[in-house]
>>> print(open('work.txt').read())   # compact mmCIF, N, CA and C atoms
# COMPACT_ATOMS: atom_id res chain seq x y z
N GLN A 1 213.19 245.44 77.27
CA GLN A 1 212.71 246.24 78.37
C GLN A 1 213.84 247.13 78.89
N VAL A 2 213.65 248.43 78.79
CA VAL A 2 214.66 249.37 79.25
C VAL A 2 214.49 249.57 80.75
N GLN A 3 215.60 249.50 81.45
CA GLN A 3 215.56 249.72 82.88
C GLN A 3 216.69 250.61 83.36
N LEU A 4 216.37 251.50 84.27
CA LEU A 4 217.37 252.26 85.02
C LEU A 4 217.17 251.89 86.48
N VAL A 5 218.22 251.44 87.13
CA VAL A 5 218.11 250.99 88.51
C VAL A 5 219.09 251.78 89.36
N GLU A 6 218.53 252.52 90.32
CA GLU A 6 219.36 253.30 91.24
C GLU A 6 219.71 252.49 92.47
N SER A 7 220.83 252.83 93.07
CA SER A 7 221.23 252.22 94.34
C SER A 7 222.13 253.19 95.09
N GLY A 8 222.36 252.90 96.36
CA GLY A 8 223.29 253.70 97.13
C GLY A 8 222.67 254.66 98.12
N GLY A 9 221.34 254.76 98.12
CA GLY A 9 220.69 255.65 99.06
C GLY A 9 220.78 255.13 100.49
N GLY A 10 220.38 255.96 101.43
CA GLY A 10 220.40 255.54 102.82
C GLY A 10 220.22 256.71 103.76
N LEU A 11 220.44 256.43 105.04
CA LEU A 11 220.34 257.44 106.09
C LEU A 11 221.74 257.87 106.49
N VAL A 12 221.99 259.16 106.37
CA VAL A 12 223.30 259.71 106.72
C VAL A 12 223.10 260.96 107.57
N GLN A 13 224.19 261.42 108.14
CA GLN A 13 224.16 262.65 108.93
C GLN A 13 224.62 263.83 108.09
N ALA A 14 224.20 265.00 108.48
CA ALA A 14 224.63 266.21 107.80
C ALA A 14 226.16 266.27 107.79
N GLY A 15 226.71 266.63 106.62
CA GLY A 15 228.15 266.69 106.47
C GLY A 15 228.79 265.43 105.92
N ASP A 16 228.03 264.34 105.90
CA ASP A 16 228.53 263.07 105.39
C ASP A 16 228.55 263.06 103.86
N SER A 17 229.09 261.98 103.33
CA SER A 17 229.12 261.76 101.88
C SER A 17 228.35 260.50 101.52
N LEU A 18 227.86 260.49 100.28
CA LEU A 18 227.07 259.36 99.80
C LEU A 18 227.27 259.29 98.29
N ARG A 19 227.31 258.07 97.75
CA ARG A 19 227.46 257.91 96.31
C ARG A 19 226.31 257.09 95.76
N LEU A 20 225.54 257.70 94.87
CA LEU A 20 224.45 257.01 94.22
C LEU A 20 224.92 256.45 92.88
N SER A 21 224.37 255.30 92.52
CA SER A 21 224.70 254.67 91.25
C SER A 21 223.42 254.44 90.46
N CYS A 22 223.56 254.49 89.14
CA CYS A 22 222.45 254.20 88.23
C CYS A 22 222.95 253.24 87.17
N ALA A 23 222.37 252.06 87.13
CA ALA A 23 222.75 251.06 86.15
C ALA A 23 221.68 250.95 85.08
N ALA A 24 222.10 251.04 83.83
CA ALA A 24 221.17 250.97 82.70
C ALA A 24 221.24 249.59 82.07
N SER A 25 220.09 249.08 81.69
CA SER A 25 220.05 247.79 81.02
C SER A 25 218.93 247.79 80.00
N GLY A 26 218.98 246.87 79.08
CA GLY A 26 217.93 246.72 78.09
C GLY A 26 218.22 247.42 76.79
N ARG A 27 219.07 248.40 76.82
CA ARG A 27 219.52 249.06 75.60
C ARG A 27 220.76 249.85 75.97
N THR A 28 221.51 250.20 74.97
CA THR A 28 222.69 250.98 75.26
C THR A 28 222.32 252.46 75.35
N PHE A 29 222.95 253.14 76.25
CA PHE A 29 222.77 254.58 76.37
C PHE A 29 223.94 255.31 75.75
N SER A 30 224.60 254.59 74.83
CA SER A 30 225.69 255.21 74.09
C SER A 30 225.20 256.45 73.36
N GLY A 31 225.93 257.53 73.51
CA GLY A 31 225.57 258.76 72.82
C GLY A 31 224.45 259.54 73.49
N THR A 32 224.02 259.10 74.66
CA THR A 32 222.85 259.70 75.31
C THR A 32 223.24 260.37 76.62
N ALA A 33 222.64 261.50 76.88
CA ALA A 33 222.84 262.16 78.17
C ALA A 33 222.14 261.39 79.29
N MET A 34 222.57 261.64 80.52
CA MET A 34 221.90 261.08 81.68
C MET A 34 221.80 262.16 82.75
N ALA A 35 220.88 261.98 83.68
CA ALA A 35 220.66 263.02 84.69
C ALA A 35 220.14 262.42 85.98
N TRP A 36 220.23 263.21 87.04
CA TRP A 36 219.65 262.89 88.33
C TRP A 36 218.63 263.97 88.69
N PHE A 37 217.49 263.52 89.18
CA PHE A 37 216.46 264.38 89.73
C PHE A 37 216.19 263.93 91.16
N ARG A 38 215.46 264.76 91.90
CA ARG A 38 215.05 264.35 93.24
C ARG A 38 213.68 264.93 93.55
N GLN A 39 213.00 264.26 94.47
CA GLN A 39 211.69 264.72 94.89
C GLN A 39 211.56 264.55 96.39
N ALA A 40 211.39 265.67 97.06
CA ALA A 40 211.19 265.67 98.51
C ALA A 40 209.69 265.58 98.81
N PRO A 41 209.32 265.12 99.99
CA PRO A 41 207.89 265.00 100.35
C PRO A 41 207.17 266.32 100.18
N GLY A 42 206.06 266.29 99.47
CA GLY A 42 205.24 267.47 99.31
C GLY A 42 205.78 268.47 98.30
N LYS A 43 206.85 268.11 97.60
CA LYS A 43 207.45 269.03 96.62
C LYS A 43 207.48 268.38 95.24
N GLU A 44 207.66 269.23 94.24
CA GLU A 44 207.77 268.74 92.88
C GLU A 44 209.16 268.14 92.63
N ARG A 45 209.21 267.27 91.64
CA ARG A 45 210.49 266.70 91.26
C ARG A 45 211.37 267.81 90.70
N GLU A 46 212.65 267.82 91.08
CA GLU A 46 213.54 268.87 90.63
C GLU A 46 214.85 268.30 90.10
N PHE A 47 215.42 269.02 89.17
CA PHE A 47 216.68 268.64 88.55
C PHE A 47 217.81 268.79 89.56
N VAL A 48 218.75 267.83 89.52
CA VAL A 48 219.92 267.89 90.39
C VAL A 48 221.19 268.08 89.56
N ALA A 49 221.41 267.17 88.60
CA ALA A 49 222.63 267.22 87.80
C ALA A 49 222.42 266.44 86.52
N GLY A 50 223.15 266.84 85.47
CA GLY A 50 223.07 266.15 84.20
C GLY A 50 224.45 266.03 83.58
N ILE A 51 224.64 265.02 82.74
CA ILE A 51 225.92 264.81 82.09
C ILE A 51 225.68 264.34 80.67
N SER A 52 226.40 264.95 79.74
CA SER A 52 226.27 264.57 78.34
C SER A 52 227.13 263.34 78.04
N TRP A 53 226.98 262.82 76.85
CA TRP A 53 227.80 261.67 76.43
C TRP A 53 229.28 262.02 76.48
N THR A 54 229.62 263.26 76.19
CA THR A 54 231.02 263.70 76.20
C THR A 54 231.45 264.23 77.56
N ARG A 55 230.58 264.03 78.56
CA ARG A 55 230.87 264.34 79.97
C ARG A 55 230.84 265.83 80.30
N SER A 56 230.17 266.61 79.50
CA SER A 56 229.86 267.97 79.94
C SER A 56 228.81 267.87 81.03
N THR A 57 228.91 268.72 82.05
CA THR A 57 228.02 268.59 83.21
C THR A 57 227.23 269.87 83.47
N VAL A 58 226.07 269.69 84.07
CA VAL A 58 225.19 270.78 84.47
C VAL A 58 224.70 270.47 85.87
N TYR A 59 224.64 271.49 86.73
CA TYR A 59 224.21 271.29 88.11
C TYR A 59 223.17 272.31 88.51
N ALA A 60 222.28 271.90 89.39
CA ALA A 60 221.39 272.86 90.05
C ALA A 60 222.23 273.70 91.01
N ASP A 61 221.85 274.95 91.17
CA ASP A 61 222.61 275.84 92.04
C ASP A 61 222.71 275.30 93.47
N SER A 62 221.68 274.61 93.91
CA SER A 62 221.63 274.13 95.29
C SER A 62 222.67 273.05 95.59
N VAL A 63 223.23 272.43 94.56
CA VAL A 63 224.19 271.35 94.80
C VAL A 63 225.57 271.63 94.23
N LYS A 64 225.72 272.74 93.54
CA LYS A 64 227.03 273.08 92.96
C LYS A 64 228.10 273.14 94.04
N GLY A 65 229.23 272.51 93.74
CA GLY A 65 230.34 272.50 94.69
C GLY A 65 230.25 271.39 95.72
N ARG A 66 229.10 270.70 95.79
CA ARG A 66 228.94 269.61 96.75
C ARG A 66 228.71 268.27 96.05
N PHE A 67 227.99 268.28 94.95
CA PHE A 67 227.67 267.04 94.23
C PHE A 67 228.46 267.00 92.93
N THR A 68 228.80 265.77 92.53
CA THR A 68 229.50 265.55 91.27
C THR A 68 228.85 264.40 90.52
N ILE A 69 228.46 264.66 89.28
CA ILE A 69 227.90 263.62 88.44
C ILE A 69 229.00 263.08 87.53
N SER A 70 228.97 261.78 87.31
CA SER A 70 229.94 261.15 86.43
C SER A 70 229.27 259.97 85.74
N ARG A 71 229.97 259.39 84.77
CA ARG A 71 229.41 258.24 84.07
C ARG A 71 230.52 257.33 83.60
N ASP A 72 230.15 256.07 83.43
CA ASP A 72 231.04 255.08 82.86
C ASP A 72 230.33 254.55 81.62
N ASN A 73 230.74 255.04 80.46
CA ASN A 73 230.05 254.69 79.23
C ASN A 73 230.16 253.20 78.90
N ALA A 74 231.27 252.60 79.26
CA ALA A 74 231.46 251.17 78.98
C ALA A 74 230.47 250.32 79.78
N LYS A 75 230.13 250.78 80.97
CA LYS A 75 229.21 250.03 81.83
C LYS A 75 227.77 250.49 81.68
N GLY A 76 227.55 251.59 80.98
CA GLY A 76 226.19 252.12 80.89
C GLY A 76 225.69 252.59 82.25
N ALA A 77 226.57 253.23 83.01
CA ALA A 77 226.23 253.62 84.37
C ALA A 77 226.48 255.11 84.58
N ALA A 78 225.74 255.66 85.52
CA ALA A 78 225.94 257.04 85.95
C ALA A 78 226.02 257.06 87.47
N TYR A 79 226.68 258.08 87.99
CA TYR A 79 226.90 258.16 89.42
C TYR A 79 226.64 259.58 89.91
N LEU A 80 226.30 259.70 91.17
CA LEU A 80 226.16 261.00 91.80
C LEU A 80 226.90 260.94 93.13
N GLN A 81 228.03 261.61 93.19
CA GLN A 81 228.79 261.71 94.43
C GLN A 81 228.26 262.91 95.20
N MET A 82 227.77 262.66 96.40
CA MET A 82 227.16 263.69 97.22
C MET A 82 228.05 263.93 98.43
N ASN A 83 228.65 265.10 98.51
CA ASN A 83 229.50 265.46 99.64
C ASN A 83 228.85 266.55 100.46
N ASN A 84 229.22 266.61 101.73
CA ASN A 84 228.71 267.64 102.62
C ASN A 84 227.18 267.75 102.51
N VAL A 85 226.52 266.63 102.66
CA VAL A 85 225.06 266.63 102.49
C VAL A 85 224.38 267.43 103.60
N LYS A 86 223.21 267.94 103.27
CA LYS A 86 222.43 268.77 104.19
C LYS A 86 221.04 268.16 104.38
N PRO A 87 220.36 268.49 105.47
CA PRO A 87 219.00 267.95 105.65
C PRO A 87 218.08 268.25 104.47
N GLU A 88 218.27 269.39 103.83
CA GLU A 88 217.43 269.74 102.69
C GLU A 88 217.72 268.89 101.45
N ASP A 89 218.75 268.06 101.49
CA ASP A 89 219.00 267.12 100.40
C ASP A 89 218.14 265.85 100.53
N THR A 90 217.42 265.73 101.64
CA THR A 90 216.55 264.57 101.83
C THR A 90 215.49 264.50 100.74
N ALA A 91 215.45 263.38 100.05
CA ALA A 91 214.52 263.21 98.93
C ALA A 91 214.68 261.80 98.36
N VAL A 92 213.77 261.46 97.47
CA VAL A 92 213.97 260.28 96.62
C VAL A 92 214.71 260.75 95.38
N TYR A 93 215.80 260.09 95.07
CA TYR A 93 216.64 260.47 93.93
C TYR A 93 216.39 259.52 92.77
N TYR A 94 216.17 260.11 91.60
CA TYR A 94 215.85 259.36 90.40
C TYR A 94 216.92 259.57 89.32
N CYS A 95 217.25 258.50 88.65
CA CYS A 95 218.09 258.55 87.47
C CYS A 95 217.18 258.67 86.25
N ALA A 96 217.61 259.43 85.25
CA ALA A 96 216.79 259.63 84.07
C ALA A 96 217.65 259.70 82.82
N ALA A 97 217.07 259.28 81.71
CA ALA A 97 217.77 259.35 80.43
C ALA A 97 216.76 259.72 79.34
N PRO A 98 217.17 260.52 78.38
CA PRO A 98 216.29 260.85 77.26
C PRO A 98 216.27 259.75 76.22
N ARG A 99 215.56 259.95 75.15
CA ARG A 99 215.53 258.95 74.10
C ARG A 99 216.92 258.81 73.48
N PRO A 100 217.17 257.72 72.76
CA PRO A 100 218.52 257.45 72.25
C PRO A 100 219.13 258.58 71.45
N LEU A 101 220.40 258.82 71.70
CA LEU A 101 221.22 259.79 70.97
C LEU A 101 220.71 261.21 71.13
N PHE A 102 219.94 261.46 72.15
CA PHE A 102 219.34 262.78 72.34
C PHE A 102 220.00 263.48 73.52
N SER A 103 220.31 264.74 73.35
CA SER A 103 220.77 265.57 74.46
C SER A 103 219.70 266.59 74.78
N PRO A 104 219.28 266.69 75.99
CA PRO A 104 218.22 267.63 76.35
C PRO A 104 218.57 269.07 75.97
N GLY A 105 217.62 269.78 75.40
CA GLY A 105 217.82 271.19 75.16
C GLY A 105 217.86 271.95 76.47
N ASP A 106 217.12 271.43 77.43
CA ASP A 106 217.07 272.02 78.76
C ASP A 106 217.16 270.88 79.76
N TYR A 107 218.30 270.67 80.34
CA TYR A 107 218.49 269.55 81.27
C TYR A 107 217.53 269.61 82.45
N TYR A 108 217.07 270.82 82.80
CA TYR A 108 216.25 271.00 83.98
C TYR A 108 214.82 270.47 83.80
N ARG A 109 214.38 270.30 82.57
CA ARG A 109 213.00 269.93 82.32
C ARG A 109 212.82 268.42 82.34
N SER A 110 212.00 267.91 83.24
CA SER A 110 211.79 266.47 83.34
C SER A 110 211.15 265.91 82.08
N SER A 111 210.42 266.72 81.33
CA SER A 111 209.77 266.24 80.11
C SER A 111 210.78 265.90 79.01
N GLU A 112 212.03 266.30 79.17
CA GLU A 112 213.07 265.98 78.19
C GLU A 112 213.52 264.52 78.30
N TYR A 113 213.10 263.84 79.36
CA TYR A 113 213.61 262.50 79.65
C TYR A 113 212.53 261.45 79.43
N THR A 114 212.93 260.36 78.80
CA THR A 114 212.01 259.28 78.47
C THR A 114 212.04 258.15 79.48
N TYR A 115 213.22 257.86 80.01
CA TYR A 115 213.40 256.70 80.88
C TYR A 115 213.73 257.17 82.30
N TRP A 116 213.09 256.49 83.27
CA TRP A 116 213.26 256.84 84.68
C TRP A 116 213.47 255.59 85.51
N GLY A 117 214.31 255.70 86.54
CA GLY A 117 214.44 254.62 87.49
C GLY A 117 213.34 254.68 88.54
N GLN A 118 213.38 253.74 89.47
CA GLN A 118 212.34 253.66 90.49
C GLN A 118 212.64 254.57 91.68
N GLY A 119 213.87 255.06 91.76
CA GLY A 119 214.25 255.97 92.82
C GLY A 119 214.94 255.29 93.99
N THR A 120 215.77 256.06 94.68
CA THR A 120 216.43 255.57 95.89
C THR A 120 216.34 256.69 96.93
N GLN A 121 215.97 256.30 98.14
CA GLN A 121 215.73 257.28 99.21
C GLN A 121 217.04 257.72 99.85
N VAL A 122 217.19 259.02 99.97
CA VAL A 122 218.31 259.61 100.72
C VAL A 122 217.72 260.44 101.85
N THR A 123 218.11 260.13 103.06
CA THR A 123 217.65 260.86 104.22
C THR A 123 218.85 261.39 104.98
N VAL A 124 218.85 262.71 105.20
CA VAL A 124 219.96 263.36 105.88
C VAL A 124 219.45 263.90 107.22
N SER A 125 220.02 263.42 108.29
CA SER A 125 219.63 263.89 109.62
C SER A 125 220.54 265.03 110.05
N SER A 126 219.97 265.91 110.84
CA SER A 126 220.75 267.09 111.29
C SER A 126 221.50 266.80 112.57
>>> encode(input="work.txt", output="structure tokens")
Amino acid sequence: QVQLVESGGGLVQAGDSLRLSCAASGRTFSGTAMAWFRQAPGKEREFVAGISWTRSTVYADSVKGRFTISRDNAKGAAYLQMNNVKPEDTAVYYCAAPRPLFSPGDYYRSSEYTYWGQGTQVTVSS
């Protein structure tokens, strides 16, 4: 059973920092890209950041310069460091991974990903 489990969400104030974690279990994600998406109430799920096995990164314009994605290949984990958060960052954040050894042709497309976590809520107050 493949599982992605997110943690680290919570209620913070605008300007604060938060670090989300994604732990993978059930299979190795060796050689596989990982990504973070988010979904705000009443909105579609949107891409936030992605990282390849070799640690090349891609970011949505809305988070560039504020968020940093990283991974620990030995632990099968991915992280999202969120700095200077804004109220518009409020959403449920999801960790995602494509099928084994696959790198998304388009990191932004949710259909490129096979495995999803259950999500962790991030709420930013103004």
>>> closest_residue(input="work.txt", among="A:Arg71, A:Ser62, A:Ala23, A:Val92", to="Phe37 in chain A", atoms="all atoms listed in the file")
A:Val92
>>> closest_residue(input="work.txt", among="A:Ala97, A:Ala35, A:Val124, A:Ala91", to="Ile69 in chain A", atoms="only C-alpha atoms")
A:Ala35
>>> atom_distance(input="work.txt", atom1="CA of Leu20 in chain A", atom2="CA of Tyr94 in chain A")
9.7 Å
>>> select_by_dssp(input="work.txt", residues="range 8-111 of chain A", states="strand (DSSP E)", output="PyMOL selection string")
chain A and resi 10-13+18-25+34-39+46-51+57-59+67-72+77-82+91-97
>>> write_last_selection(input="work.txt", atoms="N, CA and C atoms", output="tab-separated table (two decimals), in the coordinates of the input")
chain	number	residue	atom	x	y	z
A	10	GLY	N	220.38	255.96	101.43
A	10	GLY	CA	220.40	255.54	102.82
A	10	GLY	C	220.22	256.71	103.76
A	11	LEU	N	220.44	256.43	105.04
A	11	LEU	CA	220.34	257.44	106.09
A	11	LEU	C	221.74	257.87	106.49
A	12	VAL	N	221.99	259.16	106.37
A	12	VAL	CA	223.30	259.71	106.72
A	12	VAL	C	223.10	260.96	107.57
A	13	GLN	N	224.19	261.42	108.14
A	13	GLN	CA	224.16	262.65	108.93
A	13	GLN	C	224.62	263.83	108.09
A	18	LEU	N	227.86	260.49	100.28
A	18	LEU	CA	227.07	259.36	99.80
A	18	LEU	C	227.27	259.29	98.29
A	19	ARG	N	227.31	258.07	97.75
A	19	ARG	CA	227.46	257.91	96.31
A	19	ARG	C	226.31	257.09	95.76
A	20	LEU	N	225.54	257.70	94.87
A	20	LEU	CA	224.45	257.01	94.22
A	20	LEU	C	224.92	256.45	92.88
A	21	SER	N	224.37	255.30	92.52
A	21	SER	CA	224.70	254.67	91.25
A	21	SER	C	223.42	254.44	90.46
A	22	CYS	N	223.56	254.49	89.14
A	22	CYS	CA	222.45	254.20	88.23
A	22	CYS	C	222.95	253.24	87.17
A	23	ALA	N	222.37	252.06	87.13
A	23	ALA	CA	222.75	251.06	86.15
A	23	ALA	C	221.68	250.95	85.08
A	24	ALA	N	222.10	251.04	83.83
A	24	ALA	CA	221.17	250.97	82.70
A	24	ALA	C	221.24	249.59	82.07
A	25	SER	N	220.09	249.08	81.69
A	25	SER	CA	220.05	247.79	81.02
A	25	SER	C	218.93	247.79	80.00
A	34	MET	N	222.57	261.64	80.52
A	34	MET	CA	221.90	261.08	81.68
A	34	MET	C	221.80	262.16	82.75
A	35	ALA	N	220.88	261.98	83.68
A	35	ALA	CA	220.66	263.02	84.69
A	35	ALA	C	220.14	262.42	85.98
A	36	TRP	N	220.23	263.21	87.04
A	36	TRP	CA	219.65	262.89	88.33
A	36	TRP	C	218.63	263.97	88.69
A	37	PHE	N	217.49	263.52	89.18
A	37	PHE	CA	216.46	264.38	89.73
A	37	PHE	C	216.19	263.93	91.16
A	38	ARG	N	215.46	264.76	91.90
A	38	ARG	CA	215.05	264.35	93.24
A	38	ARG	C	213.68	264.93	93.55
A	39	GLN	N	213.00	264.26	94.47
A	39	GLN	CA	211.69	264.72	94.89
A	39	GLN	C	211.56	264.55	96.39
A	46	GLU	N	212.65	267.82	91.08
A	46	GLU	CA	213.54	268.87	90.63
A	46	GLU	C	214.85	268.30	90.10
A	47	PHE	N	215.42	269.02	89.17
A	47	PHE	CA	216.68	268.64	88.55
A	47	PHE	C	217.81	268.79	89.56
A	48	VAL	N	218.75	267.83	89.52
A	48	VAL	CA	219.92	267.89	90.39
A	48	VAL	C	221.19	268.08	89.56
A	49	ALA	N	221.41	267.17	88.60
A	49	ALA	CA	222.63	267.22	87.80
A	49	ALA	C	222.42	266.44	86.52
A	50	GLY	N	223.15	266.84	85.47
A	50	GLY	CA	223.07	266.15	84.20
A	50	GLY	C	224.45	266.03	83.58
A	51	ILE	N	224.64	265.02	82.74
A	51	ILE	CA	225.92	264.81	82.09
A	51	ILE	C	225.68	264.34	80.67
A	57	THR	N	228.91	268.72	82.05
A	57	THR	CA	228.02	268.59	83.21
A	57	THR	C	227.23	269.87	83.47
A	58	VAL	N	226.07	269.69	84.07
A	58	VAL	CA	225.19	270.78	84.47
A	58	VAL	C	224.70	270.47	85.87
A	59	TYR	N	224.64	271.49	86.73
A	59	TYR	CA	224.21	271.29	88.11
A	59	TYR	C	223.17	272.31	88.51
A	67	PHE	N	227.99	268.28	94.95
A	67	PHE	CA	227.67	267.04	94.23
A	67	PHE	C	228.46	267.00	92.93
A	68	THR	N	228.80	265.77	92.53
A	68	THR	CA	229.50	265.55	91.27
A	68	THR	C	228.85	264.40	90.52
A	69	ILE	N	228.46	264.66	89.28
A	69	ILE	CA	227.90	263.62	88.44
A	69	ILE	C	229.00	263.08	87.53
A	70	SER	N	228.97	261.78	87.31
A	70	SER	CA	229.94	261.15	86.43
A	70	SER	C	229.27	259.97	85.74
A	71	ARG	N	229.97	259.39	84.77
A	71	ARG	CA	229.41	258.24	84.07
A	71	ARG	C	230.52	257.33	83.60
A	72	ASP	N	230.15	256.07	83.43
A	72	ASP	CA	231.04	255.08	82.86
A	72	ASP	C	230.33	254.55	81.62
A	77	ALA	N	226.57	253.23	83.01
A	77	ALA	CA	226.23	253.62	84.37
A	77	ALA	C	226.48	255.11	84.58
A	78	ALA	N	225.74	255.66	85.52
A	78	ALA	CA	225.94	257.04	85.95
A	78	ALA	C	226.02	257.06	87.47
A	79	TYR	N	226.68	258.08	87.99
A	79	TYR	CA	226.90	258.16	89.42
A	79	TYR	C	226.64	259.58	89.91
A	80	LEU	N	226.30	259.70	91.17
A	80	LEU	CA	226.16	261.00	91.80
A	80	LEU	C	226.90	260.94	93.13
A	81	GLN	N	228.03	261.61	93.19
A	81	GLN	CA	228.79	261.71	94.43
A	81	GLN	C	228.26	262.91	95.20
A	82	MET	N	227.77	262.66	96.40
A	82	MET	CA	227.16	263.69	97.22
A	82	MET	C	228.05	263.93	98.43
A	91	ALA	N	215.45	263.38	100.05
A	91	ALA	CA	214.52	263.21	98.93
A	91	ALA	C	214.68	261.80	98.36
A	92	VAL	N	213.77	261.46	97.47
A	92	VAL	CA	213.97	260.28	96.62
A	92	VAL	C	214.71	260.75	95.38
A	93	TYR	N	215.80	260.09	95.07
A	93	TYR	CA	216.64	260.47	93.93
A	93	TYR	C	216.39	259.52	92.77
A	94	TYR	N	216.17	260.11	91.60
A	94	TYR	CA	215.85	259.36	90.40
A	94	TYR	C	216.92	259.57	89.32
A	95	CYS	N	217.25	258.50	88.65
A	95	CYS	CA	218.09	258.55	87.47
A	95	CYS	C	217.18	258.67	86.25
A	96	ALA	N	217.61	259.43	85.25
A	96	ALA	CA	216.79	259.63	84.07
A	96	ALA	C	217.65	259.70	82.82
A	97	ALA	N	217.07	259.28	81.71
A	97	ALA	CA	217.77	259.35	80.43
A	97	ALA	C	216.76	259.72	79.34
>>> closest_residue(input="work.txt", among="A:Ser110, A:Thr32, A:Pro104, A:Gly117", to="Glu44 in chain A", atoms="only C-alpha atoms")
A:Ser110
>>> atom_distance(input="work.txt", atom1="atom N of Thr114 in chain A", atom2="CA of Phe102 in chain A")
9.4 Å
>>> axis_aligned_box(input="work.txt", around="range 11-19 of chain A", padding_each_side="8 Å", output="JSON")
{"center_x": 224.7, "center_y": 261.6, "center_z": 102.3, "size_x": 24.8, "size_y": 26.3, "size_z": 29.2}
>>> atom_distance(input="work.txt", atom1="atom N of Gln3 in chain A", atom2="atom N of Gly105 in chain A")
21.3 Å
>>> closest_residue(input="work.txt", among="A:Cys22, A:Thr123, A:Leu11, A:Ile51", to="Pro87 in chain A", atoms="only C-alpha atoms")
A:Thr123
>>> closest_residue(input="work.txt", among="A:Ser103, A:Ser125, A:Thr120, A:Ser21", to="Trp53 in chain A", atoms="all atoms listed in the file")
A:Ser103
>>> residues_around(input="work.txt", residues="Val58 in chain A", least_positions_apart="2", cutoff="8 Å", atoms="only C-alpha atoms", output="ChimeraX atom specification")
/A:49-51,56,60,107
